[in-house]
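Visitor: Handing you a structure now.
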Amino acid sequence: MLFSDGENFTSCETSTLAQLRLAGLSLTTVGVGTEAGASIRTANDYLRDDAGQIVRSQLNRSFLQSLARDGRGQYVETDRSGQYINELAGWLRSQRGRTFDLNRVSASANKYDYFLLAALVLLTLDLVVTFRTFRL
């Protein structure tokens with residue numbers, strides 16, 4: 001699942017999509033933002049580029065839709081009401097689970113039993129055997 005505004009400043013690697021298809025996975029893209037664009041707010045200012053200009057993020061819907069189509073997935077666009085969450089949840093529920101790179105690890109038994117047994121023997125010996133102290 002890819003959450004993005006879809007702005008693409010470099011060429012897109014198609015080999016990654018091919019690897020997803022070979023693995024039987026689909027790519028769902030979630031479009032964030034608007035086509036009109038907006039500034040990105042940080043803690044106390046707006047996000048700025050290297051030149052000091054305020055960054056404006058614009059939604060590139062067509063790119064995200066083509067990415068989802070090529071990745072055999074679905075395109076969902078965010079909205080202020082949050083209804084897209086229900087659409088995403090329904091789509092995720094409909095997906096079949098898959099297992100990759102399953103490794104089995106056998107856990108051996110703890111070896112602390114020997115030390116516990118030795119401590120119990122010494123404790124019992126301490127309770128049974130009493131020593132007299134010598135007075136000088």
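The chains in the structure tokens are called A, B, ... from first to last as shown; in each chain the residues are counted from 1, and the ligands are counted from 1 in the order shown.
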Please, which residues in stretch 58-103 of chain A fall within 7 Å of stretch 34-37 of chain A when counting only C-alpha atoms, and what is the closest atom pair and distance in Å to one decimal for each, ordered by chain then residue number, as CSV?
Guide:
residue,atom,partner,partner_atom,distance
A:Gln58,CA,A:Gly37,CA,4.0
A:Leu59,CA,A:Glu35,CA,4.6
A:Asn60,CA,A:Glu35,CA,6.7
Visitor: What's the 8 Å shell around A:Met1, counting only C-alpha atoms, without same-chain residues fewer than 4 positions away, as a PyMOL selection string?
Guide: chain A and resi 27-30
Visitor: DSSP says helix (DSSP H, G or I) for which residues of stretch 2-136 of chain A? Put them as JSON, numbers by chain?
Guide: {"A": [14, 15, 16, 17, 18, 19, 20, 21, 22, 61, 62, 63, 64, 65, 66, 67, 68, 69, 70, 84, 85, 86, 87, 88, 89, 90, 91, 92, 93, 94, 113, 114, 115, 116, 117, 118, 119, 120, 121, 122, 123, 124, 125, 126, 127, 128]}
Visitor: Neighbouring residues of stretch 81-90 of chain A were defined as those with any atom within 12 Å, considering only C-alpha atoms; residues of the same chain fewer than 3 positions away were excluded. Please report them as a list in words.
Guide: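 Non-adjacent residues within range: Met1, Leu2, Phe3, Thr28, Thr29, Val30, Gly31, Val32, Gly73, Gln74, Tyr75, Val76, Glu77, Thr78, Arg93, Ser94 and Gln95 of chain A.
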Visitor: Of the residues A:Ala18, A:Gly6, A:Val129, A:Ser57, which is the one nearest to A:Asp70, using only C-alpha atoms?
Guide: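 Closest candidate: A:Ala18.
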Visitor: Using only C-alpha atoms, can you tell me which of A:Arg48, A:Asn8, A:Arg80, A:Glu13 comes closest to A:Gly33?
Guide: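 Under the stated criterion, the closest residue is A:Arg80.
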Visitor: Quick one: DSSP strand (DSSP E or B) residues in chain A, as a PyMOL selection string?
Guide: chain A and resi 2-4+29-31+38-39+41+46+48+54+56-57+75-77
Visitor: Pick from A:Ala43, A:Ala23, A:Leu122, A:Leu17: nearest to A:Ser66, with only C-alpha atoms counted?
Guide: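 Nearest to A:Ser66: A:Leu17.
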Visitor: With distances taken over only C-alpha atoms, which residue among A:Ser26, A:Thr14, A:Ser4, A:Ser62 lies nearest A:Gly97?
Guide: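 Counting only C-alpha atoms, the residue closest to A:Gly97 is A:Ser26.
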